[in-house]
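Only one structure is covered here, and it is reproduced in the block below.
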Amino acid sequence: MPVSAAPVSASPVSAAPVSSSPVAAAPSAGVPAAPDEHVSRETPSRDEDDPPLAMEALRAVQILNPSGEITMPRPDHPRVLCVANQKGGVGKTTTTVNLAVALALHGNRVLVVDLDPQGNASTGLNVPHHAGVPDVYDCLIDNVPLSEVAQGVEGIPNLWCVPATIDLAGAEIELVSVVARESRLARAIAAHPEKFDYVFIDCPPSLGLLTVNALCAAQEVLIPIQCEYYALEGLNQLINNINLVRQHLNPTLDVSTILLTMYDRRTRLADAVEQDVRNHFGSKVLNAVIPRNVRVSEAPSYGQSVMTYDPGSRGATSYFEAALEIAMRGVNTGGTA
């Protein structure tokens with residue numbers, strides 16, 4: 001009779017249990033195999049869908065949510081999250097894009113502000129950001145309203161993006177002589193006529209005036225931390241800067257969320273970094289962990305998030321879990337005013 005294989009965990013955090021295919025037991029030596037007519041109709045055949053593929057398809061439908069029936073809880077007040085880490089390559093933009101898409105696909109109104117001159121968040125959402133396109137630079141320097149700059153993201157009705165062009169590279173210098181230079185972005189977001197459930201601000205990999213503007217505009221800081229040793233080295237400096245902004249510019253600012261990214265379960269280092277971060281930050285660290293996944297890296301080259309590029313992948317599943325956890329925490333804490 002068939003023997004079911006034990007479930008195999010694909011990553012430290014799984015969205016749904018993944019079972020292996022039933023494997024038919026080999027007949028004992030000298031014992032003829034049972035004829036086909038005696039095989040139970042309940043026995044899966046090799047022609048049927050493999051259970052892992054079926055589970056992947058189920059997860060894809062859950063993440064894409066074509067019917068709109070699955071919703072994540074909406075906060076009572078708009079939540080403005082600054083996604084910051086002065087170290088490059090830790091997954092800030094990837095995290096911003098995928099969390100925003102996941103929340104928007106499940107009933108939340110989301111705005112992404114691309115504050116990185118490289119414009120990678122704009123690329124990931126397939127929003128035009130070539131020279132001459134109205135962008136966040138115009139809002140910071142020329143007081144252009146955000147509503148005139150924000151663009152709807154194609155295929156995702158509840159998601160908008162304020163793009164960044166190469167002009168933003170000069171904003172650091174131009175803001176030096178501007179009055180109330182640290183609060184330019186905060187005023188632009190507050191003046192937007194529509195209210196969003198979430199505003200994600202994707203910061204550049206630095207601690208300059210652009211990042212300070214993001215910290216002044218936000219109530220919450222989301223820090224993606226790569227599961228590598230170097231990612232921990234600059235963390236103290238980032239926390240010190242956040243504390244300075246809290247003391248002098250934005251007393252409501254709080255490091256509310258830590259997300260572990262690029263987790264490789266094959267290495268002891270990743271586990272050691274995870275334990276260090278959880279011991280230090282406690283409940284601020286999301287239970288969801290983002291694994292290394294090639295689909296996450298491929299998606300931007302197609303102008304998509306991994307949520308729409310390969311919704312059944314481990315990367316999409318993990319970001320969906322992280323978005324759901326953030327949404328649930330917002331409800332449990334009553335949202336952020």
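Residues in the structure tokens are numbered from 1 in each chain, the chains being A, B, ... in the order shown, and ligands are numbered from 1 in the order shown.
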I need the residues in stretch 66-201 of chain A that are strand (DSSP E) according to DSSP; give them as a PDB file with C-alpha atoms, in the first residue's frame.
ATOM      1  CA  ARG A  79       0.249  54.343   9.056  1.00  0.00           C
ATOM      2  CA  VAL A  80       3.332  56.048   7.618  1.00  0.00           C
ATOM      3  CA  LEU A  81       6.305  53.675   7.577  1.00  0.00           C
ATOM      4  CA  CYS A  82       9.846  54.673   6.718  1.00  0.00           C
ATOM      5  CA  VAL A  83      11.823  51.704   5.350  1.00  0.00           C
ATOM      6  CA  VAL A 110      -1.351  52.177  -0.196  1.00  0.00           C
ATOM      7  CA  LEU A 111       1.019  54.937  -1.321  1.00  0.00           C
ATOM      8  CA  VAL A 112       4.708  54.276  -2.031  1.00  0.00           C
ATOM      9  CA  VAL A 113       7.052  57.279  -1.930  1.00  0.00           C
ATOM     10  CA  ASP A 114      10.306  56.517  -3.742  1.00  0.00           C
ATOM     11  CA  GLN A 151       0.843  57.667 -10.347  1.00  0.00           C
ATOM     12  CA  GLY A 152      -1.482  54.697 -10.170  1.00  0.00           C
ATOM     13  CA  LEU A 159      -1.752  51.253  -5.057  1.00  0.00           C
ATOM     14  CA  TRP A 160      -0.104  54.554  -6.001  1.00  0.00           C
ATOM     15  CA  CYS A 161       3.550  55.506  -6.350  1.00  0.00           C
ATOM     16  CA  VAL A 162       5.384  58.832  -6.179  1.00  0.00           C
ATOM     17  CA  TYR A 198      -0.386  52.825   4.491  1.00  0.00           C
ATOM     18  CA  VAL A 199       2.357  55.120   3.232  1.00  0.00           C
ATOM     19  CA  PHE A 200       5.700  53.396   2.623  1.00  0.00           C
ATOM     20  CA  ILE A 201       8.749  55.629   2.175  1.00  0.00           C
TER      21      ILE A 201
END
Using only C-alpha atoms, which protein or nucleic acid residues come within 10 Å of A:Gln219? Drop anything in the same chain fewer than 6 positions from it, and give the result as an NGL selection string. :A and (78-82 or 246 or 250-256 or 336-337)
Residue subset to file, keeping C-alpha atoms, as a compact mmCIF listing (two decimals), in the first residue's frame:
# COMPACT_ATOMS: atom_id res chain seq x y z
CA PRO A 78 -3.06 56.08 8.39
CA ARG A 79 0.25 54.34 9.06
CA VAL A 80 3.33 56.05 7.62
CA LEU A 81 6.30 53.68 7.58
CA CYS A 82 9.85 54.67 6.72
CA ARG A 246 12.87 61.48 17.89
CA ASN A 250 9.64 63.88 15.56
CA PRO A 251 8.76 62.71 19.07
CA THR A 252 6.21 60.17 17.79
CA LEU A 253 8.80 58.21 15.79
CA ASP A 254 9.15 54.57 16.79
CA VAL A 255 11.10 51.58 15.50
CA SER A 256 8.06 49.35 15.24
CA THR A 336 -0.84 54.99 14.44
CA ALA A 337 -2.29 58.47 14.43
So which residues touch stretch 272-279 of chain A within 10 Å, counting only C-alpha atoms, skipping near sequence neighbours fewer than 5 positions away, as a PyMOL selection string? chain A and resi 225-229+231-232+258-261+263+267+284-287+289
Export of prior selection with all heavy atoms as a tab-separated table (two decimals), in the first residue's frame:
chain	number	residue	atom	x	y	z
A	225	ILE	N	16.78	43.78	7.80
A	225	ILE	CA	18.14	43.38	8.19
A	225	ILE	C	18.51	42.10	7.46
A	225	ILE	O	17.85	41.07	7.61
A	225	ILE	CB	18.24	43.16	9.72
A	225	ILE	CG1	17.90	44.45	10.47
A	225	ILE	CG2	19.63	42.66	10.10
A	225	ILE	CD1	17.95	44.30	11.98
A	226	GLN	N	19.55	42.20	6.67
A	226	GLN	CA	20.05	41.02	5.97
A	226	GLN	C	20.69	40.08	6.97
A	226	GLN	O	21.35	40.52	7.92
A	226	GLN	CB	21.08	41.45	4.92
A	226	GLN	CG	21.66	40.32	4.08
A	226	GLN	CD	22.74	40.82	3.15
A	226	GLN	OE1	23.13	41.99	3.21
A	226	GLN	NE2	23.23	39.96	2.28
A	227	CYS	N	20.50	38.79	6.80
A	227	CYS	CA	21.03	37.80	7.74
A	227	CYS	C	22.51	37.54	7.46
A	227	CYS	O	22.93	36.42	7.14
A	227	CYS	CB	20.22	36.51	7.68
A	227	CYS	SG	18.56	36.71	8.34
A	228	GLU	N	23.31	38.60	7.56
A	228	GLU	CA	24.76	38.53	7.40
A	228	GLU	C	25.39	39.38	8.50
A	228	GLU	O	24.77	40.30	9.03
A	228	GLU	CB	25.19	39.08	6.03
A	228	GLU	CG	24.61	38.33	4.83
A	228	GLU	CD	25.29	37.01	4.57
A	228	GLU	OE1	26.32	36.76	5.22
A	228	GLU	OE2	24.79	36.23	3.74
A	229	TYR	N	26.65	39.12	8.80
A	229	TYR	CA	27.31	39.80	9.91
A	229	TYR	C	27.42	41.31	9.65
A	229	TYR	O	27.17	42.13	10.54
A	229	TYR	CB	28.69	39.22	10.15
A	229	TYR	CG	29.47	39.99	11.20
A	229	TYR	CD1	29.14	39.88	12.55
A	229	TYR	CD2	30.50	40.85	10.84
A	229	TYR	CE1	29.82	40.60	13.51
A	229	TYR	CE2	31.19	41.58	11.79
A	229	TYR	CZ	30.85	41.45	13.12
A	229	TYR	OH	31.52	42.18	14.07
A	231	ALA	N	25.58	43.29	8.17
A	231	ALA	CA	24.31	44.01	8.30
A	231	ALA	C	24.09	44.50	9.72
A	231	ALA	O	23.36	45.47	9.95
A	231	ALA	CB	23.17	43.10	7.87
A	232	LEU	N	24.74	43.86	10.69
A	232	LEU	CA	24.56	44.25	12.09
A	232	LEU	C	25.48	45.39	12.50
A	232	LEU	O	25.22	46.09	13.48
A	232	LEU	CB	24.82	43.05	13.01
A	232	LEU	CG	23.90	41.84	12.84
A	232	LEU	CD1	24.35	40.72	13.76
A	232	LEU	CD2	22.46	42.22	13.14
A	258	ILE	N	11.01	45.08	12.66
A	258	ILE	CA	12.28	44.57	12.13
A	258	ILE	C	11.95	43.35	11.27
A	258	ILE	O	11.23	42.45	11.70
A	258	ILE	CB	13.24	44.15	13.25
A	258	ILE	CG1	13.44	45.27	14.26
A	258	ILE	CG2	14.58	43.70	12.66
A	258	ILE	CD1	14.18	46.47	13.77
A	259	LEU	N	12.47	43.34	10.04
A	259	LEU	CA	12.22	42.22	9.12
A	259	LEU	C	13.54	41.60	8.70
A	259	LEU	O	14.42	42.30	8.17
A	259	LEU	CB	11.44	42.70	7.89
A	259	LEU	CG	11.17	41.64	6.82
A	259	LEU	CD1	10.27	40.52	7.37
A	259	LEU	CD2	10.51	42.27	5.58
A	260	LEU	N	13.69	40.31	8.95
A	260	LEU	CA	14.90	39.60	8.54
A	260	LEU	C	14.78	39.16	7.09
A	260	LEU	O	13.80	38.53	6.69
A	260	LEU	CB	15.11	38.38	9.44
A	260	LEU	CG	15.42	38.71	10.90
A	260	LEU	CD1	15.25	37.49	11.78
A	260	LEU	CD2	16.82	39.27	11.04
A	261	THR	N	15.78	39.52	6.28
A	261	THR	CA	15.74	39.23	4.84
A	261	THR	C	16.94	38.38	4.43
A	261	THR	O	17.92	38.28	5.15
A	261	THR	CB	15.75	40.54	4.02
A	261	THR	OG1	16.98	41.24	4.26
A	261	THR	CG2	14.58	41.44	4.40
A	263	TYR	N	17.42	35.24	4.21
A	263	TYR	CA	17.74	34.16	5.15
A	263	TYR	C	18.09	32.90	4.37
A	263	TYR	O	17.32	32.45	3.52
A	263	TYR	CB	16.54	33.91	6.06
A	263	TYR	CG	16.80	32.87	7.14
A	263	TYR	CD1	17.17	33.27	8.41
A	263	TYR	CD2	16.68	31.51	6.89
A	263	TYR	CE1	17.41	32.34	9.41
A	263	TYR	CE2	16.93	30.58	7.88
A	263	TYR	CZ	17.29	31.00	9.13
A	263	TYR	OH	17.53	30.07	10.12
A	267	THR	N	22.92	27.84	6.32
A	267	THR	CA	24.10	28.35	7.03
A	267	THR	C	23.82	28.58	8.51
A	267	THR	O	22.72	28.98	8.89
A	267	THR	CB	24.56	29.68	6.41
A	267	THR	OG1	23.55	30.68	6.61
A	267	THR	CG2	24.80	29.52	4.91
A	284	LYS	N	9.59	43.25	18.39
A	284	LYS	CA	9.58	44.11	17.20
A	284	LYS	C	9.93	43.31	15.93
A	284	LYS	O	9.61	43.74	14.82
A	284	LYS	CB	10.59	45.26	17.36
A	284	LYS	CG	10.22	46.26	18.45
A	284	LYS	CD	11.27	47.35	18.55
A	284	LYS	CE	10.99	48.30	19.70
A	284	LYS	NZ	9.82	49.15	19.43
A	285	VAL	N	10.59	42.18	16.09
A	285	VAL	CA	11.00	41.37	14.94
A	285	VAL	C	9.81	40.53	14.48
A	285	VAL	O	9.19	39.81	15.27
A	285	VAL	CB	12.18	40.44	15.30
A	285	VAL	CG1	12.69	39.71	14.06
A	285	VAL	CG2	13.30	41.24	15.95
A	286	LEU	N	9.49	40.63	13.19
A	286	LEU	CA	8.39	39.85	12.64
A	286	LEU	C	8.72	38.36	12.70
A	286	LEU	O	9.88	37.95	12.54
A	286	LEU	CB	8.12	40.24	11.20
A	286	LEU	CG	7.61	41.66	10.93
A	286	LEU	CD1	7.39	41.87	9.43
A	286	LEU	CD2	6.33	41.95	11.69
A	287	ASN	N	7.70	37.54	12.92
A	287	ASN	CA	7.90	36.10	12.88
A	287	ASN	C	8.23	35.64	11.46
A	287	ASN	O	8.98	34.69	11.26
A	287	ASN	CB	6.63	35.38	13.37
A	287	ASN	CG	6.39	35.63	14.85
A	287	ASN	OD1	7.32	35.70	15.64
A	287	ASN	ND2	5.13	35.79	15.23
A	289	VAL	N	10.05	35.47	8.04
A	289	VAL	CA	11.43	35.68	7.61
A	289	VAL	C	11.48	35.51	6.10
A	289	VAL	O	10.88	34.59	5.55
A	289	VAL	CB	12.37	34.66	8.31
A	289	VAL	CG1	13.78	34.80	7.78
A	289	VAL	CG2	12.34	34.86	9.82
Pairwise distance for atom CA of A:Gly91 and atom CA of A:Ile173, rounded to one decimal in Å: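 Straight-line distance from atom CA of A:Gly91 to atom CA of A:Ile173 works out to 26.2 Å.
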Per residue of stretch 45-82 of chain A within 9 Å of stretch 304-323 of chain A, what are the shortest atom pair and its distance in Å to one decimal, counting only C-alpha atoms, with rows by chain and residue number, as JSON lines?
{"residue": "A:Leu53", "atom": "CA", "partner": "A:Gly312", "partner_atom": "CA", "distance": 9.0}
{"residue": "A:Met55", "atom": "CA", "partner": "A:Gly312", "partner_atom": "CA", "distance": 8.4}
{"residue": "A:Glu56", "atom": "CA", "partner": "A:Gly312", "partner_atom": "CA", "distance": 4.8}
{"residue": "A:Ala57", "atom": "CA", "partner": "A:Gly312", "partner_atom": "CA", "distance": 6.1}
{"residue": "A:Leu58", "atom": "CA", "partner": "A:Gly312", "partner_atom": "CA", "distance": 7.8}
{"residue": "A:Arg59", "atom": "CA", "partner": "A:Gly312", "partner_atom": "CA", "distance": 5.5}
{"residue": "A:Ala60", "atom": "CA", "partner": "A:Gly312", "partner_atom": "CA", "distance": 4.4}
{"residue": "A:Val61", "atom": "CA", "partner": "A:Pro311", "partner_atom": "CA", "distance": 7.8}
{"residue": "A:Gln62", "atom": "CA", "partner": "A:Pro311", "partner_atom": "CA", "distance": 8.7}
{"residue": "A:Ile63", "atom": "CA", "partner": "A:Pro311", "partner_atom": "CA", "distance": 6.2}
{"residue": "A:Leu64", "atom": "CA", "partner": "A:Pro311", "partner_atom": "CA", "distance": 6.8}
{"residue": "A:Met72", "atom": "CA", "partner": "A:Ala323", "partner_atom": "CA", "distance": 8.6}
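Taking atom CA of A:Leu222 as the reference point, atom CA of A:Lys195 is found at 20.6 Å.
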Mind giving me the straight-line distance from atom CA of A:Thr165 to atom CA of A:Arg109 in Å, one decimal? 23.8 Å
Show me, as a PyMOL selection string, the residues that have an atom within 8 Å of A:Ile166 when counting only C-alpha atoms, minus same-chain residues fewer than 5 positions from it. chain A and resi 117-119+130-131
